[in-house]
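So the structure is just underneath, and the comments pick up after that.
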Amino acid sequence: MFEIASFYWAPGGTAGSDTLAPEIVSLSRDPRFMALTWSVGVLKVMGGVLMAPHGGSNLAARGLMAVGLIGAPESMNTLAAHWYLVLWDPWFVLGGLLFAAVTRSYQRNLPAHCVGSN
């Protein structure tokens, strides 16, 4: 689910790019950045379990910056920063939790011989 955006943006898709930091958008045609975006998509497929901690830590930090409890860089005053706070970071938390729940459910339903029990 999360890899869809990476796989869309990697070959040059632009829809939704206004929700990203301008520095990221400016790199979108660089072949090295495109390769990195493809790699990130693959890692998202393989490493979904890391999504919740990643999103949660970013959400906490950006939330604390937004309410003024910790200092914020000037880049927090951008439209992209707003979208990270209200869309991308919660999206990663939700995706990570769902990924973990599905993985746990799948593991519980495996036959005993598939999980190493004799």
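The chains in the structure tokens are called A, B, ... from first to last as shown; in each chain the residues are counted from 1, and the ligands are counted from 1 in the order shown.
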Extract the full set of alpha helix (DSSP H) residues from chain A according to DSSP on the backbone, and format it as a PyMOL selection string.
-> chain A and resi 3-9+22-26+31-46+51-66+79-83+89-108
Shell around stretch 51-67 of chain A at 10 Å using only C-alpha atoms, local window under 3 positions removed, as JSON, numbers by chain = {"A": [2, 44, 47, 48, 70, 71, 72, 73, 76, 77, 81, 82, 84, 85, 86, 87, 88, 89, 90, 91, 92, 93, 94, 95, 96, 97, 98, 99, 100]}
Which residue gives the smallest distance to A:Gly12 among A:Arg108, A:Ile24, A:Thr78, A:Met34, with only C-alpha atoms counted?
-> A:Met34
With distances taken over only C-alpha atoms, which of A:Leu79, A:Leu50, A:Ala101, A:Ser39 is nearest to A:Pro22?
->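 Of A:Leu79, A:Leu50, A:Ala101, A:Ser39, the one nearest A:Pro22 is A:Leu79, counting only C-alpha atoms.
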Nearest to A:Trp9 by atom-to-atom distance, counting only C-alpha atoms, from A:Val102, A:Leu36, A:Leu69, A:Ala80 =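 Smallest distance to A:Trp9 is found for A:Leu36.
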Mind pulling up the distance from atom CA of A:Trp83 to atom CA of A:Phe7?
->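 Distance between the two atoms: 19.8 Å.
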Tell me, in Å to one decimal, how far atom CA of A:Pro11 is from atom CA of A:Leu27.
->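 Separating atom CA of A:Pro11 from atom CA of A:Leu27 is a distance of 12.1 Å.
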